[in-house]
Amino acid sequence: MEGAASAHAGDVSAPGGWATSVAAVRSLAPLFEAQDERRRAEFAEQAAMLRALLCEVASSSMPPRPPPPPPAELAELLSLLALNCHTLCDDELQQIGIGLYPLAALANHDCDPSAAQTFGAGGALTFRALRDMGEGTEVTISYIELASSSAERRAALRASYLFTCHCLRCEGQSATARRALPESESAAREADIKARASALREGQAVELKRIEGGEWRDALAASVANCALAEGLYPPLSP
């Protein structure tokens with residue numbers, strides 16, 4: 001099976017071949033120039049170090065390998081990876097690495113996603129539906145941690161992915177706050193959401209520890225408490 005898989009890798013004409021081809025990677029947007037000055041400098045520095053390492057490897061190989069791409073091209077590649085990689089998680093949702101899945105990278109973000117990513121053997125990525133979806137429904141995922149306020153989510157998306165989220169959840173929350181709440185009450189609501197989000201993150205950590213320790217009753221109690229906190233963070237969307 002390994003031989004068959006490797007034979008198709010990069011073969012655009014093979015079934016599913018595009019998703020593992022160099023062409024698929026190059027089709028993704030690096031948006032290097034859209035990065036802020038600090039990020040561009042970081043990518044440039046990393047690219048210089050990476051090229052020095054690749055040059056050393058190439059020169060010591062027998063036969064010698066061709067020189068690596070110039071630093072500017074490597075910097076764009078690093079920007080592409082930062083924008084399009086998926087974080088690999090184990091069964092306990094602990095981060096264990098990153099992976100580039102060109103086809104999956106085309107999925108748009110939504111703060112009320114229709115699917116979630118799961119990883120199987122060998123890092124195989126699967127999108128699993130979070131609700132019933134009819135034919136033609138867009139499959140969306142979340143790029144970030146969702147247990148936070150709309151302002152925090154938008155800030156995180158702008159910083160890491162260079163766009164402002166206008167999903168129904170973000171627009172609904174922010175529009176409702178502007179329309180119905182005085183500024184002081186809106187600030188208090190944002191503070192309450194931040195506190196709930198922080199408590200939920202702590203509660204999730206406690207729940208995992210209880211599960212790892214086989215403390216099932218305590219784990220169930222923590223899960224119930226976390227669900228109650230989550231309900232306050234995920235209000236029903238207006239039709």
# chains A, B, ... in the order shown; residues from 1 in each chain; ligands from 1
$ residues_around --residues "Ala105 (chain A)" --least-positions-apart "5" --cutoff "12 Å" --atoms "only C-alpha atoms" --output "list of chain:residue names"
A:Ala19, A:Ala24, A:Val25, A:Ser27, A:Leu28, A:Ala29, A:Leu80, A:Leu81, A:Ala82, A:Leu83, A:Asn84, A:Cys85, A:His86, A:Thr87, A:Gly99, A:Leu100, A:Gln117, A:Leu125, A:Phe127, A:Val139, A:Thr140, A:Ile141, A:Ser142, A:Tyr143
$ select_by_dssp --residues "region 39-229 of chain A" --states "helix (DSSP H, G or I)" --output "compact mmCIF listing (two decimals) with N, CA and C atoms, in the first residue's frame"
# COMPACT_ATOMS: atom_id res chain seq x y z
N ARG A 39 5.81 40.34 11.22
CA ARG A 39 5.69 38.97 10.74
C ARG A 39 6.56 38.74 9.51
N ARG A 40 6.61 39.73 8.62
CA ARG A 40 7.47 39.57 7.43
C ARG A 40 8.93 39.43 7.85
N ALA A 41 9.34 40.20 8.85
CA ALA A 41 10.72 40.11 9.33
C ALA A 41 10.98 38.73 9.95
N GLU A 42 10.01 38.21 10.69
CA GLU A 42 10.17 36.88 11.29
C GLU A 42 10.31 35.81 10.21
N PHE A 43 9.45 35.88 9.20
CA PHE A 43 9.53 34.89 8.12
C PHE A 43 10.85 35.01 7.37
N ALA A 44 11.31 36.23 7.15
CA ALA A 44 12.58 36.43 6.44
C ALA A 44 13.74 35.84 7.24
N GLU A 45 13.74 36.04 8.55
CA GLU A 45 14.80 35.49 9.40
C GLU A 45 14.75 33.97 9.40
N GLN A 46 13.55 33.42 9.53
CA GLN A 46 13.41 31.96 9.51
C GLN A 46 13.83 31.38 8.16
N ALA A 47 13.49 32.10 7.08
CA ALA A 47 13.84 31.63 5.75
C ALA A 47 15.36 31.60 5.56
N ALA A 48 16.05 32.60 6.09
CA ALA A 48 17.51 32.63 5.98
C ALA A 48 18.14 31.45 6.71
N MET A 49 17.63 31.15 7.90
CA MET A 49 18.16 30.02 8.66
C MET A 49 17.84 28.70 7.97
N LEU A 50 16.62 28.60 7.44
CA LEU A 50 16.22 27.38 6.75
C LEU A 50 17.07 27.16 5.51
N ARG A 51 17.32 28.23 4.75
CA ARG A 51 18.12 28.07 3.53
C ARG A 51 19.56 27.67 3.86
N ALA A 52 20.11 28.23 4.93
CA ALA A 52 21.47 27.86 5.33
C ALA A 52 21.54 26.37 5.66
N LEU A 53 20.51 25.87 6.35
CA LEU A 53 20.47 24.45 6.69
C LEU A 53 20.33 23.60 5.44
N LEU A 54 19.44 24.01 4.54
CA LEU A 54 19.23 23.24 3.30
C LEU A 54 20.47 23.25 2.42
N CYS A 55 21.18 24.37 2.39
CA CYS A 55 22.43 24.44 1.61
C CYS A 55 23.47 23.47 2.17
N GLU A 56 23.54 23.39 3.49
CA GLU A 56 24.49 22.48 4.12
C GLU A 56 24.15 21.03 3.80
N VAL A 57 22.86 20.71 3.85
CA VAL A 57 22.43 19.35 3.53
C VAL A 57 22.70 19.04 2.06
N ALA A 58 22.39 20.00 1.19
CA ALA A 58 22.57 19.78 -0.25
C ALA A 58 24.04 19.56 -0.60
N SER A 59 24.93 20.32 0.02
CA SER A 59 26.36 20.22 -0.32
C SER A 59 26.99 18.93 0.20
N SER A 60 26.42 18.38 1.28
CA SER A 60 26.99 17.16 1.86
C SER A 60 26.37 15.89 1.30
N PRO A 71 15.91 32.94 -0.45
CA PRO A 71 15.24 33.26 0.82
C PRO A 71 13.85 33.86 0.64
N ALA A 72 13.67 34.72 -0.36
CA ALA A 72 12.37 35.36 -0.55
C ALA A 72 11.28 34.32 -0.83
N GLU A 73 11.62 33.32 -1.63
CA GLU A 73 10.64 32.26 -1.94
C GLU A 73 10.34 31.42 -0.70
N LEU A 74 11.37 31.15 0.08
CA LEU A 74 11.16 30.38 1.32
C LEU A 74 10.32 31.17 2.32
N ALA A 75 10.53 32.49 2.37
CA ALA A 75 9.73 33.32 3.28
C ALA A 75 8.26 33.28 2.89
N GLU A 76 7.98 33.30 1.59
CA GLU A 76 6.59 33.19 1.13
C GLU A 76 6.01 31.83 1.49
N LEU A 77 6.84 30.79 1.38
CA LEU A 77 6.38 29.45 1.73
C LEU A 77 6.04 29.37 3.22
N LEU A 78 6.84 29.99 4.05
CA LEU A 78 6.57 29.99 5.49
C LEU A 78 5.27 30.74 5.80
N SER A 79 5.03 31.82 5.08
CA SER A 79 3.78 32.56 5.25
C SER A 79 2.60 31.70 4.82
N LEU A 80 2.78 30.98 3.72
CA LEU A 80 1.73 30.08 3.23
C LEU A 80 1.41 29.01 4.28
N LEU A 81 2.45 28.45 4.88
CA LEU A 81 2.24 27.42 5.89
C LEU A 81 1.50 27.98 7.10
N ALA A 82 1.89 29.18 7.53
CA ALA A 82 1.26 29.79 8.70
C ALA A 82 -0.23 30.02 8.48
N LEU A 83 -0.61 30.34 7.25
CA LEU A 83 -2.00 30.66 6.95
C LEU A 83 -2.85 29.43 6.65
N ASN A 84 -2.22 28.35 6.21
CA ASN A 84 -2.99 27.24 5.67
C ASN A 84 -2.83 25.91 6.40
N ALA A 104 -8.19 20.60 2.24
CA ALA A 104 -8.87 21.03 3.46
C ALA A 104 -8.62 22.50 3.75
N ALA A 105 -7.48 23.02 3.29
CA ALA A 105 -7.15 24.42 3.52
C ALA A 105 -8.10 25.37 2.79
N LEU A 106 -8.87 24.83 1.84
CA LEU A 106 -9.82 25.66 1.10
C LEU A 106 -11.11 25.90 1.89
N ALA A 121 -5.10 7.70 11.86
CA ALA A 121 -3.77 7.09 11.74
C ALA A 121 -2.96 7.79 10.66
N GLY A 122 -1.71 8.06 10.98
CA GLY A 122 -0.83 8.69 10.00
C GLY A 122 -1.16 10.14 9.73
N GLY A 123 -1.98 10.75 10.59
CA GLY A 123 -2.33 12.15 10.38
C GLY A 123 -3.44 12.37 9.38
N SER A 150 -16.88 37.87 20.56
CA SER A 150 -16.73 38.16 19.14
C SER A 150 -15.54 39.07 18.89
N ALA A 151 -15.32 40.04 19.78
CA ALA A 151 -14.18 40.95 19.61
C ALA A 151 -12.86 40.19 19.69
N GLU A 152 -12.76 39.26 20.63
CA GLU A 152 -11.53 38.47 20.77
C GLU A 152 -11.33 37.54 19.58
N ARG A 153 -12.41 36.94 19.12
CA ARG A 153 -12.30 36.05 17.95
C ARG A 153 -11.86 36.83 16.72
N ARG A 154 -12.47 37.97 16.52
CA ARG A 154 -12.10 38.78 15.36
C ARG A 154 -10.65 39.23 15.43
N ALA A 155 -10.21 39.62 16.61
CA ALA A 155 -8.81 40.04 16.78
C ALA A 155 -7.86 38.89 16.48
N ALA A 156 -8.20 37.69 16.95
CA ALA A 156 -7.35 36.53 16.71
C ALA A 156 -7.29 36.19 15.23
N LEU A 157 -8.41 36.29 14.55
CA LEU A 157 -8.45 35.98 13.11
C LEU A 157 -7.69 37.02 12.30
N ARG A 158 -7.81 38.28 12.69
CA ARG A 158 -7.05 39.32 11.98
C ARG A 158 -5.55 39.12 12.16
N ALA A 159 -5.15 38.77 13.39
CA ALA A 159 -3.72 38.62 13.68
C ALA A 159 -3.12 37.41 12.97
N SER A 160 -3.85 36.31 12.95
CA SER A 160 -3.28 35.06 12.42
C SER A 160 -3.64 34.79 10.97
N TYR A 161 -4.83 35.25 10.54
CA TYR A 161 -5.31 34.88 9.21
C TYR A 161 -5.66 36.07 8.32
N LEU A 168 -22.43 34.98 10.90
CA LEU A 168 -23.67 35.35 11.58
C LEU A 168 -23.47 35.50 13.08
N ARG A 169 -22.64 34.64 13.65
CA ARG A 169 -22.43 34.71 15.09
C ARG A 169 -21.74 36.00 15.49
N CYS A 170 -20.70 36.37 14.76
CA CYS A 170 -19.99 37.62 15.07
C CYS A 170 -20.88 38.83 14.79
N GLU A 171 -21.51 38.85 13.65
CA GLU A 171 -22.36 39.99 13.29
C GLU A 171 -23.56 40.08 14.22
N GLY A 172 -24.13 38.93 14.58
CA GLY A 172 -25.29 38.94 15.45
C GLY A 172 -24.96 39.46 16.83
N GLN A 173 -23.85 39.01 17.39
CA GLN A 173 -23.46 39.46 18.72
C GLN A 173 -23.12 40.95 18.72
N SER A 174 -22.30 41.38 17.76
CA SER A 174 -21.86 42.77 17.78
C SER A 174 -23.01 43.71 17.45
N ALA A 175 -23.87 43.31 16.50
CA ALA A 175 -25.00 44.17 16.14
C ALA A 175 -25.97 44.28 17.30
N THR A 176 -26.23 43.17 17.99
CA THR A 176 -27.14 43.19 19.13
C THR A 176 -26.59 44.08 20.23
N ALA A 177 -25.29 43.96 20.48
CA ALA A 177 -24.68 44.78 21.54
C ALA A 177 -24.78 46.26 21.20
N ARG A 178 -24.54 46.61 19.94
CA ARG A 178 -24.60 48.03 19.56
C ARG A 178 -26.02 48.56 19.61
N ARG A 179 -26.98 47.72 19.21
CA ARG A 179 -28.35 48.19 19.08
C ARG A 179 -29.08 48.24 20.42
N ALA A 180 -28.84 47.25 21.28
CA ALA A 180 -29.68 47.10 22.46
C ALA A 180 -29.03 47.53 23.76
N GLU A 183 -23.25 51.68 26.21
CA GLU A 183 -21.82 51.35 26.15
C GLU A 183 -21.34 50.68 27.43
N SER A 184 -21.79 51.18 28.59
CA SER A 184 -21.34 50.60 29.86
C SER A 184 -21.81 49.15 30.01
N GLU A 185 -23.07 48.89 29.60
CA GLU A 185 -23.60 47.53 29.69
C GLU A 185 -22.91 46.61 28.69
N SER A 186 -22.61 47.16 27.51
CA SER A 186 -21.91 46.37 26.51
C SER A 186 -20.54 45.94 27.02
N ALA A 187 -19.83 46.87 27.67
CA ALA A 187 -18.51 46.55 28.22
C ALA A 187 -18.63 45.50 29.32
N ALA A 188 -19.67 45.63 30.14
CA ALA A 188 -19.88 44.65 31.21
C ALA A 188 -20.18 43.27 30.63
N ARG A 189 -20.93 43.25 29.54
CA ARG A 189 -21.26 41.97 28.89
C ARG A 189 -20.00 41.33 28.31
N GLU A 190 -19.15 42.14 27.69
CA GLU A 190 -17.90 41.62 27.14
C GLU A 190 -17.03 41.05 28.26
N ALA A 191 -16.99 41.75 29.40
CA ALA A 191 -16.20 41.27 30.53
C ALA A 191 -16.75 39.95 31.05
N ASP A 192 -18.08 39.84 31.08
CA ASP A 192 -18.70 38.59 31.54
C ASP A 192 -18.38 37.44 30.59
N ILE A 193 -18.39 37.72 29.29
CA ILE A 193 -18.06 36.69 28.31
C ILE A 193 -16.62 36.23 28.46
N LYS A 194 -15.71 37.20 28.68
CA LYS A 194 -14.30 36.84 28.87
C LYS A 194 -14.13 35.96 30.11
N ALA A 195 -14.84 36.32 31.19
CA ALA A 195 -14.74 35.54 32.42
C ALA A 195 -15.28 34.13 32.20
N ARG A 196 -16.40 34.02 31.49
CA ARG A 196 -16.98 32.70 31.21
C ARG A 196 -16.03 31.87 30.35
N ALA A 197 -15.43 32.52 29.35
CA ALA A 197 -14.51 31.81 28.46
C ALA A 197 -13.31 31.29 29.24
N SER A 198 -12.78 32.12 30.13
CA SER A 198 -11.64 31.71 30.95
C SER A 198 -12.03 30.54 31.86
N ALA A 199 -13.21 30.65 32.46
CA ALA A 199 -13.67 29.58 33.35
C ALA A 199 -13.91 28.29 32.57
N LEU A 200 -14.40 28.42 31.34
CA LEU A 200 -14.64 27.23 30.52
C LEU A 200 -13.33 26.54 30.16
N ARG A 201 -12.31 27.32 29.81
CA ARG A 201 -11.02 26.72 29.49
C ARG A 201 -10.45 25.98 30.70
N GLU A 202 -10.57 26.61 31.88
CA GLU A 202 -10.08 25.96 33.10
C GLU A 202 -10.90 24.70 33.40
N GLY A 203 -12.21 24.81 33.19
CA GLY A 203 -13.08 23.67 33.44
C GLY A 203 -12.79 22.50 32.51
N GLN A 204 -12.47 22.81 31.26
CA GLN A 204 -12.14 21.75 30.31
C GLN A 204 -10.85 21.04 30.72
N ALA A 205 -9.90 21.81 31.23
CA ALA A 205 -8.64 21.20 31.70
C ALA A 205 -8.91 20.28 32.89
N VAL A 206 -9.76 20.72 33.80
CA VAL A 206 -10.11 19.90 34.96
C VAL A 206 -10.82 18.62 34.50
N GLU A 207 -11.74 18.78 33.55
CA GLU A 207 -12.48 17.62 33.05
C GLU A 207 -11.54 16.58 32.45
N LEU A 208 -10.56 17.03 31.66
CA LEU A 208 -9.60 16.10 31.06
C LEU A 208 -8.78 15.38 32.13
N LYS A 209 -8.38 16.12 33.17
CA LYS A 209 -7.60 15.50 34.24
C LYS A 209 -8.42 14.43 34.96
N ARG A 210 -9.70 14.73 35.18
CA ARG A 210 -10.57 13.75 35.85
C ARG A 210 -10.73 12.50 34.99
N ILE A 211 -10.85 12.70 33.68
CA ILE A 211 -10.99 11.56 32.77
C ILE A 211 -9.71 10.73 32.77
N GLU A 212 -8.56 11.42 32.69
CA GLU A 212 -7.28 10.72 32.69
C GLU A 212 -7.08 9.92 33.98
N TRP A 216 -14.61 9.23 37.18
CA TRP A 216 -15.71 9.42 36.24
C TRP A 216 -16.82 10.30 36.80
N ARG A 217 -17.14 10.17 38.08
CA ARG A 217 -18.20 11.01 38.65
C ARG A 217 -17.79 12.48 38.62
N ASP A 218 -16.55 12.74 39.02
CA ASP A 218 -16.06 14.12 39.00
C ASP A 218 -15.96 14.65 37.57
N ALA A 219 -15.59 13.76 36.65
CA ALA A 219 -15.51 14.16 35.24
C ALA A 219 -16.88 14.54 34.71
N LEU A 220 -17.90 13.76 35.10
CA LEU A 220 -19.26 14.06 34.67
C LEU A 220 -19.73 15.40 35.24
N ALA A 221 -19.43 15.63 36.51
CA ALA A 221 -19.81 16.89 37.14
C ALA A 221 -19.13 18.07 36.45
N ALA A 222 -17.85 17.90 36.12
CA ALA A 222 -17.12 18.97 35.42
C ALA A 222 -17.71 19.20 34.04
N SER A 223 -18.11 18.12 33.38
CA SER A 223 -18.70 18.24 32.04
C SER A 223 -20.01 19.01 32.09
N VAL A 224 -20.84 18.71 33.09
CA VAL A 224 -22.12 19.41 33.24
C VAL A 224 -21.88 20.90 33.48
N ALA A 225 -20.91 21.21 34.33
CA ALA A 225 -20.58 22.61 34.62
C ALA A 225 -20.07 23.31 33.36
N ASN A 226 -19.25 22.61 32.58
CA ASN A 226 -18.72 23.20 31.36
C ASN A 226 -19.83 23.46 30.34
N CYS A 227 -20.79 22.55 30.27
CA CYS A 227 -21.91 22.75 29.35
C CYS A 227 -22.71 23.99 29.73
N ALA A 228 -22.89 24.20 31.03
CA ALA A 228 -23.63 25.38 31.49
C ALA A 228 -22.88 26.66 31.11
N LEU A 229 -21.56 26.63 31.25
CA LEU A 229 -20.76 27.80 30.86
C LEU A 229 -20.84 28.03 29.36
$ select_by_dssp --residues "region 54-231 of chain A" --states "strand (DSSP E)" --output "ChimeraX atom specification"
/A:86-89,95-99,108-109,115-119,125-129,140-141
$ write_last_selection --atoms "N, CA, C and O atoms" --output "PDB file, in the first residue's frame"
ATOM      1  N   HIS A  86      -3.013  22.996   9.284  1.00  0.00           N
ATOM      2  CA  HIS A  86      -3.928  22.549  10.328  1.00  0.00           C
ATOM      3  C   HIS A  86      -3.110  22.048  11.514  1.00  0.00           C
ATOM      4  O   HIS A  86      -2.054  21.437  11.338  1.00  0.00           O
ATOM      5  N   THR A  87      -3.613  22.300  12.700  1.00  0.00           N
ATOM      6  CA  THR A  87      -2.968  21.791  13.910  1.00  0.00           C
ATOM      7  C   THR A  87      -3.415  20.357  14.149  1.00  0.00           C
ATOM      8  O   THR A  87      -4.613  20.083  14.233  1.00  0.00           O
ATOM      9  N   LEU A  88      -2.460  19.444  14.228  1.00  0.00           N
ATOM     10  CA  LEU A  88      -2.772  18.041  14.481  1.00  0.00           C
ATOM     11  C   LEU A  88      -2.968  17.817  15.973  1.00  0.00           C
ATOM     12  O   LEU A  88      -2.179  18.306  16.787  1.00  0.00           O
ATOM     13  N   CYS A  89      -4.014  17.087  16.314  1.00  0.00           N
ATOM     14  CA  CYS A  89      -4.312  16.794  17.718  1.00  0.00           C
ATOM     15  C   CYS A  89      -4.457  15.288  17.908  1.00  0.00           C
ATOM     16  O   CYS A  89      -4.833  14.567  16.980  1.00  0.00           O
ATOM     17  N   GLN A  95      -2.352  19.211  21.174  1.00  0.00           N
ATOM     18  CA  GLN A  95      -1.648  19.533  19.945  1.00  0.00           C
ATOM     19  C   GLN A  95      -0.342  18.741  19.859  1.00  0.00           C
ATOM     20  O   GLN A  95       0.443  18.724  20.805  1.00  0.00           O
ATOM     21  N   ILE A  96      -0.135  18.092  18.706  1.00  0.00           N
ATOM     22  CA  ILE A  96       1.067  17.270  18.537  1.00  0.00           C
ATOM     23  C   ILE A  96       1.865  17.656  17.295  1.00  0.00           C
ATOM     24  O   ILE A  96       2.922  17.085  17.038  1.00  0.00           O
ATOM     25  N   GLY A  97       1.385  18.613  16.523  1.00  0.00           N
ATOM     26  CA  GLY A  97       2.127  19.011  15.333  1.00  0.00           C
ATOM     27  C   GLY A  97       1.245  19.795  14.381  1.00  0.00           C
ATOM     28  O   GLY A  97       0.134  20.204  14.730  1.00  0.00           O
ATOM     29  N   ILE A  98       1.751  20.012  13.172  1.00  0.00           N
ATOM     30  CA  ILE A  98       0.975  20.688  12.134  1.00  0.00           C
ATOM     31  C   ILE A  98       1.056  19.876  10.852  1.00  0.00           C
ATOM     32  O   ILE A  98       1.971  19.072  10.664  1.00  0.00           O
ATOM     33  N   GLY A  99       0.088  20.078   9.985  1.00  0.00           N
ATOM     34  CA  GLY A  99       0.076  19.396   8.699  1.00  0.00           C
ATOM     35  C   GLY A  99      -0.525  20.295   7.638  1.00  0.00           C
ATOM     36  O   GLY A  99      -1.404  21.116   7.936  1.00  0.00           O
ATOM     37  N   ASN A 108     -13.597  27.410   4.421  1.00  0.00           N
ATOM     38  CA  ASN A 108     -13.701  28.720   5.058  1.00  0.00           C
ATOM     39  C   ASN A 108     -13.961  28.590   6.553  1.00  0.00           C
ATOM     40  O   ASN A 108     -14.460  27.568   7.038  1.00  0.00           O
ATOM     41  N   HIS A 109     -13.636  29.677   7.256  1.00  0.00           N
ATOM     42  CA  HIS A 109     -13.886  29.737   8.698  1.00  0.00           C
ATOM     43  C   HIS A 109     -15.309  30.200   8.978  1.00  0.00           C
ATOM     44  O   HIS A 109     -15.884  31.001   8.241  1.00  0.00           O
ATOM     45  N   ALA A 115     -18.666  21.829  10.525  1.00  0.00           N
ATOM     46  CA  ALA A 115     -17.863  20.609  10.624  1.00  0.00           C
ATOM     47  C   ALA A 115     -16.679  20.837  11.552  1.00  0.00           C
ATOM     48  O   ALA A 115     -16.308  21.980  11.844  1.00  0.00           O
ATOM     49  N   ALA A 116     -16.117  19.737  12.014  1.00  0.00           N
ATOM     50  CA  ALA A 116     -14.920  19.783  12.864  1.00  0.00           C
ATOM     51  C   ALA A 116     -13.881  18.836  12.288  1.00  0.00           C
ATOM     52  O   ALA A 116     -14.219  17.839  11.644  1.00  0.00           O
ATOM     53  N   GLN A 117     -12.602  19.154  12.512  1.00  0.00           N
ATOM     54  CA  GLN A 117     -11.521  18.324  12.010  1.00  0.00           C
ATOM     55  C   GLN A 117     -11.167  17.247  13.027  1.00  0.00           C
ATOM     56  O   GLN A 117     -11.067  17.526  14.216  1.00  0.00           O
ATOM     57  N   THR A 118     -10.969  16.037  12.546  1.00  0.00           N
ATOM     58  CA  THR A 118     -10.438  14.961  13.382  1.00  0.00           C
ATOM     59  C   THR A 118      -9.277  14.321  12.631  1.00  0.00           C
ATOM     60  O   THR A 118      -9.216  14.368  11.397  1.00  0.00           O
ATOM     61  N   PHE A 119      -8.363  13.727  13.385  1.00  0.00           N
ATOM     62  CA  PHE A 119      -7.166  13.151  12.782  1.00  0.00           C
ATOM     63  C   PHE A 119      -7.082  11.670  13.124  1.00  0.00           C
ATOM     64  O   PHE A 119      -7.276  11.268  14.275  1.00  0.00           O
ATOM     65  N   LEU A 125      -6.685  13.404   7.832  1.00  0.00           N
ATOM     66  CA  LEU A 125      -7.632  14.434   8.265  1.00  0.00           C
ATOM     67  C   LEU A 125      -9.029  14.119   7.747  1.00  0.00           C
ATOM     68  O   LEU A 125      -9.212  13.805   6.571  1.00  0.00           O
ATOM     69  N   THR A 126     -10.005  14.201   8.646  1.00  0.00           N
ATOM     70  CA  THR A 126     -11.404  13.986   8.280  1.00  0.00           C
ATOM     71  C   THR A 126     -12.239  15.146   8.799  1.00  0.00           C
ATOM     72  O   THR A 126     -12.045  15.594   9.930  1.00  0.00           O
ATOM     73  N   PHE A 127     -13.137  15.650   7.970  1.00  0.00           N
ATOM     74  CA  PHE A 127     -14.118  16.631   8.414  1.00  0.00           C
ATOM     75  C   PHE A 127     -15.378  15.875   8.829  1.00  0.00           C
ATOM     76  O   PHE A 127     -15.914  15.094   8.048  1.00  0.00           O
ATOM     77  N   ARG A 128     -15.842  16.128  10.044  1.00  0.00           N
ATOM     78  CA  ARG A 128     -17.048  15.470  10.540  1.00  0.00           C
ATOM     79  C   ARG A 128     -18.136  16.516  10.767  1.00  0.00           C
ATOM     80  O   ARG A 128     -17.907  17.532  11.424  1.00  0.00           O
ATOM     81  N   ALA A 129     -19.312  16.250  10.217  1.00  0.00           N
ATOM     82  CA  ALA A 129     -20.420  17.201  10.304  1.00  0.00           C
ATOM     83  C   ALA A 129     -20.862  17.377  11.753  1.00  0.00           C
ATOM     84  O   ALA A 129     -20.964  16.410  12.508  1.00  0.00           O
ATOM     85  N   THR A 140     -17.934  24.391   6.612  1.00  0.00           N
ATOM     86  CA  THR A 140     -17.055  25.370   7.245  1.00  0.00           C
ATOM     87  C   THR A 140     -16.449  24.774   8.505  1.00  0.00           C
ATOM     88  O   THR A 140     -17.007  23.850   9.108  1.00  0.00           O
ATOM     89  N   ILE A 141     -15.305  25.310   8.892  1.00  0.00           N
ATOM     90  CA  ILE A 141     -14.624  24.864  10.103  1.00  0.00           C
ATOM     91  C   ILE A 141     -14.227  26.096  10.908  1.00  0.00           C
ATOM     92  O   ILE A 141     -14.383  27.227  10.442  1.00  0.00           O
TER      93      ILE A 141
END
$ atom_distance --atom1 "CA of Asp112 (chain A)" --atom2 "CA of Glu145 (chain A)"
11.4 Å
$ atom_distance --atom1 "CA of Leu162 (chain A)" --atom2 "CA of Ala107 (chain A)"
15.5 Å
$ atom_distance --atom1 "CA of Gly136 (chain A)" --atom2 "CA of Gly120 (chain A)"
26.3 Å
$ closest_residue --among "A:Gly17, A:Ser114, A:Gly214, A:His166" --to "Pro102 (chain A)" --atoms "only C-alpha atoms"
A:Gly17
$ decode --residues "region 64-76 of chain A" --atoms "N, CA and C atoms" --output "short mmCIF file (atom, residue, chain, number, x, y, z; two decimals), in the first residue's frame"
data_model
loop_
_atom_site.label_atom_id
_atom_site.label_comp_id
_atom_site.auth_asym_id
_atom_site.auth_seq_id
_atom_site.Cartn_x
_atom_site.Cartn_y
_atom_site.Cartn_z
N PRO A 64 25.63 15.65 -4.92
CA PRO A 64 25.12 16.92 -4.38
C PRO A 64 23.75 17.27 -4.96
N ARG A 65 22.91 17.82 -4.13
CA ARG A 65 21.58 18.22 -4.56
C ARG A 65 21.60 19.65 -5.09
N PRO A 66 20.59 20.01 -5.88
CA PRO A 66 20.51 21.40 -6.35
C PRO A 66 20.34 22.34 -5.17
N PRO A 67 20.77 23.58 -5.30
CA PRO A 67 20.61 24.54 -4.19
C PRO A 67 19.13 24.79 -3.90
N PRO A 68 18.81 25.12 -2.67
CA PRO A 68 17.41 25.39 -2.32
C PRO A 68 16.93 26.70 -2.92
N PRO A 69 15.63 26.96 -2.85
CA PRO A 69 15.09 28.22 -3.38
C PRO A 69 15.69 29.43 -2.66
N PRO A 70 15.61 30.60 -3.26
CA PRO A 70 16.13 31.81 -2.60
C PRO A 70 15.33 32.14 -1.35
N PRO A 71 15.91 32.94 -0.45
CA PRO A 71 15.24 33.26 0.82
C PRO A 71 13.85 33.86 0.64
N ALA A 72 13.67 34.72 -0.36
CA ALA A 72 12.37 35.36 -0.55
C ALA A 72 11.28 34.32 -0.83
N GLU A 73 11.62 33.32 -1.63
CA GLU A 73 10.64 32.26 -1.94
C GLU A 73 10.34 31.42 -0.70
N LEU A 74 11.37 31.15 0.08
CA LEU A 74 11.16 30.38 1.32
C LEU A 74 10.32 31.17 2.32
N ALA A 75 10.53 32.49 2.37
CA ALA A 75 9.73 33.32 3.28
C ALA A 75 8.26 33.28 2.89
N GLU A 76 7.98 33.30 1.59
CA GLU A 76 6.59 33.19 1.13
C GLU A 76 6.01 31.83 1.49
#
